[in-house]
Each structure stands twice: as C-alpha cells, then as structure tokens.
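Printed here is entry_2.csv (CSV, C-alpha atoms):
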```
chain,number,residue,atom,x,y,z
A,1,MET,CA,20.0,-31.9,-41.0
A,2,ASP,CA,20.7,-31.8,-37.3
A,3,PRO,CA,19.0,-29.0,-35.1
A,4,LEU,CA,22.2,-27.2,-34.2
A,5,ASN,CA,23.3,-27.0,-37.8
A,6,TYR,CA,19.8,-25.8,-38.8
A,7,LEU,CA,19.6,-23.1,-36.1
A,8,THR,CA,23.1,-21.7,-36.9
A,9,THR,CA,22.8,-21.7,-40.7
A,10,TYR,CA,22.3,-18.3,-42.4
A,11,SER,CA,19.1,-18.0,-44.3
A,12,THR,CA,18.3,-15.0,-46.5
A,13,THR,CA,14.6,-15.8,-47.0
A,14,PHE,CA,11.9,-13.9,-45.2
A,15,GLY,CA,8.9,-16.2,-45.7
A,16,ALA,CA,5.5,-16.7,-44.2
A,17,PRO,CA,6.7,-17.9,-40.7
A,18,GLU,CA,8.9,-14.8,-40.4
A,19,ILE,CA,6.0,-12.5,-41.4
A,20,ILE,CA,3.7,-14.2,-38.9
A,21,PHE,CA,6.4,-13.9,-36.2
A,22,LEU,CA,6.8,-10.2,-36.9
A,23,ILE,CA,3.1,-9.5,-37.0
A,24,ALA,CA,2.5,-11.4,-33.8
A,25,HIS,CA,5.2,-9.5,-32.0
A,26,ILE,CA,3.9,-6.1,-33.2
A,27,ALA,CA,0.5,-7.2,-31.7
A,28,LEU,CA,2.3,-8.1,-28.5
A,29,VAL,CA,3.7,-4.6,-28.4
A,30,LEU,CA,0.3,-3.0,-28.8
A,31,VAL,CA,-1.4,-5.3,-26.2
A,32,GLY,CA,1.5,-4.7,-23.8
A,33,ILE,CA,1.1,-0.9,-24.2
A,34,TYR,CA,-2.6,-1.1,-23.6
A,35,TYR,CA,-2.3,-3.2,-20.4
A,36,ALA,CA,0.7,-1.4,-19.0
A,37,PHE,CA,-0.3,2.2,-19.6
A,38,ILE,CA,-3.8,2.6,-20.9
A,39,ALA,CA,-6.1,0.0,-19.2
A,40,LYS,CA,-7.5,1.1,-15.8
A,41,ASP,CA,-9.2,-1.4,-13.5
A,42,SER,CA,-11.2,-0.5,-10.4
A,43,ASP,CA,-9.8,-3.6,-8.6
A,44,PRO,CA,-6.3,-2.7,-7.5
A,45,LEU,CA,-5.1,-6.3,-7.4
A,46,ARG,CA,-6.3,-7.1,-10.9
A,47,GLY,CA,-5.0,-3.8,-12.2
A,48,ALA,CA,-1.5,-4.5,-10.8
A,49,SER,CA,-1.5,-8.0,-12.3
A,50,LEU,CA,-2.6,-6.8,-15.7
A,51,ARG,CA,0.0,-4.0,-15.6
A,52,LEU,CA,2.7,-6.6,-14.8
A,53,LEU,CA,1.5,-8.8,-17.7
A,54,GLY,CA,1.5,-5.7,-19.9
A,55,TYR,CA,5.2,-5.0,-19.1
A,56,GLY,CA,6.1,-8.6,-20.0
A,57,LEU,CA,4.2,-8.5,-23.2
A,58,LEU,CA,5.7,-5.1,-24.1
A,59,ALA,CA,9.2,-6.3,-23.5
A,60,LEU,CA,8.9,-9.5,-25.5
A,61,GLY,CA,7.0,-7.7,-28.3
A,62,VAL,CA,9.8,-5.1,-28.6
A,63,ILE,CA,12.5,-7.8,-28.6
A,64,GLY,CA,10.7,-9.9,-31.3
A,65,THR,CA,9.8,-6.8,-33.4
A,66,LEU,CA,13.4,-5.5,-33.2
A,67,LEU,CA,14.7,-8.9,-34.2
A,68,GLY,CA,12.3,-9.2,-37.2
A,69,VAL,CA,13.3,-5.7,-38.4
A,70,LEU,CA,17.0,-6.4,-38.0
A,71,ARG,CA,16.6,-9.6,-40.0
A,72,LEU,CA,14.9,-7.7,-42.8
A,73,THR,CA,17.4,-4.8,-42.8
A,74,VAL,CA,20.8,-5.8,-41.4
A,75,GLY,CA,20.9,-9.4,-42.5
A,76,ALA,CA,24.0,-11.6,-41.9
A,77,VAL,CA,24.1,-12.4,-38.2
A,78,PHE,CA,20.3,-12.0,-37.6
A,79,THR,CA,19.3,-14.3,-40.4
A,80,MET,CA,20.0,-17.4,-38.3
A,81,PRO,CA,16.8,-19.2,-37.1
A,82,LEU,CA,18.5,-19.4,-33.7
A,83,TRP,CA,17.3,-15.8,-32.8
A,84,PHE,CA,13.6,-16.5,-33.6
A,85,ALA,CA,13.8,-19.8,-31.7
A,86,LEU,CA,15.2,-18.0,-28.6
A,87,VAL,CA,12.5,-15.4,-28.7
A,88,THR,CA,9.8,-18.0,-29.2
A,89,LEU,CA,11.1,-19.9,-26.1
A,90,LEU,CA,10.9,-16.6,-24.2
A,91,ASP,CA,7.3,-16.2,-25.4
A,92,LEU,CA,6.5,-19.7,-24.2
A,93,ALA,CA,8.1,-19.0,-20.9
A,94,LEU,CA,6.0,-15.9,-20.5
A,95,ILE,CA,2.8,-17.9,-21.3
A,96,ALA,CA,3.8,-20.5,-18.7
A,97,TYR,CA,4.5,-17.9,-16.1
A,98,ALA,CA,1.2,-16.1,-16.8
A,99,LEU,CA,-0.7,-19.3,-16.4
A,100,TYR,CA,1.1,-20.1,-13.2
A,101,TYR,CA,0.4,-16.6,-11.9
A,102,ALA,CA,-3.3,-16.8,-12.9
A,103,LEU,CA,-3.8,-20.3,-11.4
A,104,SER,CA,-1.6,-20.1,-8.2
A,105,ILE,CA,-0.4,-16.7,-7.2
A,106,TYR,CA,-3.5,-14.5,-8.1
A,107,PRO,CA,-6.1,-16.6,-6.2
A,108,ALA,CA,-3.8,-16.7,-3.1
A,109,ARG,CA,-3.4,-12.9,-3.2
A,110,ARG,CA,-7.2,-12.5,-3.7
A,111,ALA,CA,-7.9,-14.7,-0.7
A,112,ALA,CA,-5.4,-12.9,1.5
A,113,LEU,CA,-6.9,-9.5,0.5
A,114,ALA,CA,-10.4,-10.8,1.2
A,115,GLN,CA,-9.3,-12.2,4.6
A,116,ALA,CA,-7.6,-8.9,5.5
A,117,SER,CA,-10.7,-6.9,4.5
A,118,ARG,CA,-13.0,-9.2,6.5
A,119,GLY,CA,-10.8,-9.1,9.6
A,120,ALA,CA,-10.2,-5.4,9.7
A,121,PRO,CA,-12.8,-3.2,11.5
A,122,ARG,CA,-14.7,-1.0,9.2
A,123,ALA,CA,-13.8,2.6,9.3
A,124,GLY,CA,-16.8,4.6,10.3
A,125,GLY,CA,-17.4,8.3,10.1
A,126,ARG,CA,-16.5,10.6,12.9
A,127,GLN,CA,-18.1,9.9,16.2
A,128,GLN,CA,-21.2,12.0,16.9
A,129,PRO,CA,-21.5,13.3,20.4
A,130,THR,CA,-24.3,12.0,22.5
A,131,LEU,CA,-27.0,14.5,23.3
A,132,HIS,CA,-28.3,14.7,26.8
A,133,ALA,CA,-31.6,16.1,28.0
A,134,ASN,CA,-30.9,19.2,29.9
A,135,GLY,CA,-33.9,20.5,31.7
A,136,PRO,CA,-37.5,19.7,32.5
A,137,ASN,CA,-38.8,19.8,28.9
A,138,GLY,CA,-36.2,17.3,27.7
A,139,SER,CA,-34.6,19.7,25.3
A,140,PRO,CA,-31.2,18.3,24.1
A,141,TYR,CA,-29.6,21.7,23.9
A,142,SER,CA,-28.1,23.7,26.7
A,143,ALA,CA,-29.6,26.9,27.8
A,144,PRO,CA,-28.4,29.9,25.8
A,145,ARG,CA,-25.4,31.7,27.3
A,146,ALA,CA,-25.1,35.4,27.5
A,147,VAL,CA,-23.8,37.0,24.3
A,148,ALA,CA,-20.8,38.7,25.8
A,149,THR,CA,-19.5,35.5,27.5
A,150,THR,CA,-19.3,33.2,24.5
A,151,THR,CA,-16.5,32.8,22.1
A,152,ARG,CA,-17.0,33.1,18.4
A,153,ARG,CA,-16.6,29.3,18.0
A,154,ASP,CA,-19.2,28.5,20.7
A,155,SER,CA,-21.8,30.9,19.2
A,156,ARG,CA,-21.3,29.5,15.8
A,157,ARG,CA,-21.8,26.0,17.1
A,158,ASP,CA,-25.0,27.0,18.8
A,159,ARG,CA,-26.3,28.6,15.6
A,160,LYS,CA,-25.6,25.4,13.7
A,161,ARG,CA,-27.4,23.3,16.3
A,162,LYS,CA,-30.5,25.5,16.1
A,163,GLY,CA,-30.7,24.8,12.4
A,164,ARG,CA,-31.0,21.1,12.8
```

Whole structure given in structure tokens:
Amino acid sequence: MDPLNYLTTYSTTFGAPEIIFLIAHIALVLVGIYYAFIAKDSDPLRGASLRLLGYGLLALGVIGTLLGVLRLTVGAVFTMPLWFALVTLLDLALIAYALYYALSIYPARRAALAQASRGAPRAGGRQQPTLHANGPNGSPYSAPRAVATTTRRDSRRDRKRKGR
C-alpha cells in the first residue's frame, strides 16, 4: 500500500500506537504547564527559555490530546492516520528547534549577557560624604551651632552623627 493511500484511509481501530500517542501528549501538556506557569528559575535567561519551551510543549500537547480524543469520540474524519502523522512531524520539529536553541542560541545569549555584565560598571551604594578634620583636636564633626539658628533637619543630622 502506498503512503498516501495509507495516510488517507479511514481506520476505526484505536490500538497501542494510538494509546501511546495520547498518553505522550497528555504528558506533554503536564510538562508544558509546569515549565510555562509553575517552574521558577533564579536565572532570568534560563527561566525565559524554559517558559518558551513550556509554551511550545503545551501547545503541541493540547493539539495531540485533542486529536486523540476526537479520534475516540467523533470518528470519521479524524480516524485517518494523516492527523497523527502531522502532529508527530510537529513534535519532531519542536524537538529539532529545542536542540538548535540549546546548542546555538542559548550559549550566544549567555555569552552576551556575561559580556554585558562584565563591561558595565558595578552599581555601588550611595556616596558617603568625606569627613574633614575641623579643629585642633582632629574631630571630624563641626562645632555645635546655637539651638535657635538650626533647622530641624540640621539638628536631626547632628544627633545622628553623635550616635556613630
């Protein structure tokens, strides 16, 4: 039997290959939900990559599961092996893209992120004012001002400095 005739012939049997196909795509849905919505990663680049993979797995898993359920319930049009072959080709395309992404795109993005983090100056805390000696004993604080001439902000700053 030629492949075109085989793929377009109606088949009412739901055997072991169809059951394996259905279970595999249910597993793809579960893994896709986990990676897309539940898994949290501390590395933002890896987290975004896993989220993207999760969306792809979820989409193909839903398509395959829907097709398996339609074959079991509706029959007629969805009993052709052509539908399972098309979804299997999409699964293989996702596997190929995931490998390409993992071997080519992800390392390049990782290297670019590392280069950007090495080249950028580190953000320090706020600058501390330098303290100057102000008098014969080398005290770093200025002489106290008269109470009536200071603002509330200045007096509060002086009290904080005395506590250090």

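Distance annotation: of A:Phe21, A:Phe37, A:Tyr100, A:Phe78, the residue with the minimal separation from A:Leu60 is A:Phe21; atom set is only C-alpha atoms.
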
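Near A:Ala85, within 12 Å and counting all atoms listed in the file, sit Pro3, Leu4, Tyr6, Leu7, Thr8, Pro17, Glu18, Phe21, Gly64, Leu67, Phe78, Thr79, Met80, Pro81, Leu82, Trp83, Val87, Thr88, Leu89, Leu90, Asp91 and Leu92 of chain A, not including residues fewer than 2 positions from it in the same chain.
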
Do you have the atom CA of A:Leu113-atom CA of A:Arg51 distance handy?
-> 18.4 Å

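From atom CA of A:Ala36 back to atom CA of A:Tyr55, the distance works out to 5.8 Å.
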
For atom CA of A:Leu86 and atom CA of A:Ile33, determine how far apart the two atoms are, in Å to one decimal place.
-> 22.6 Å
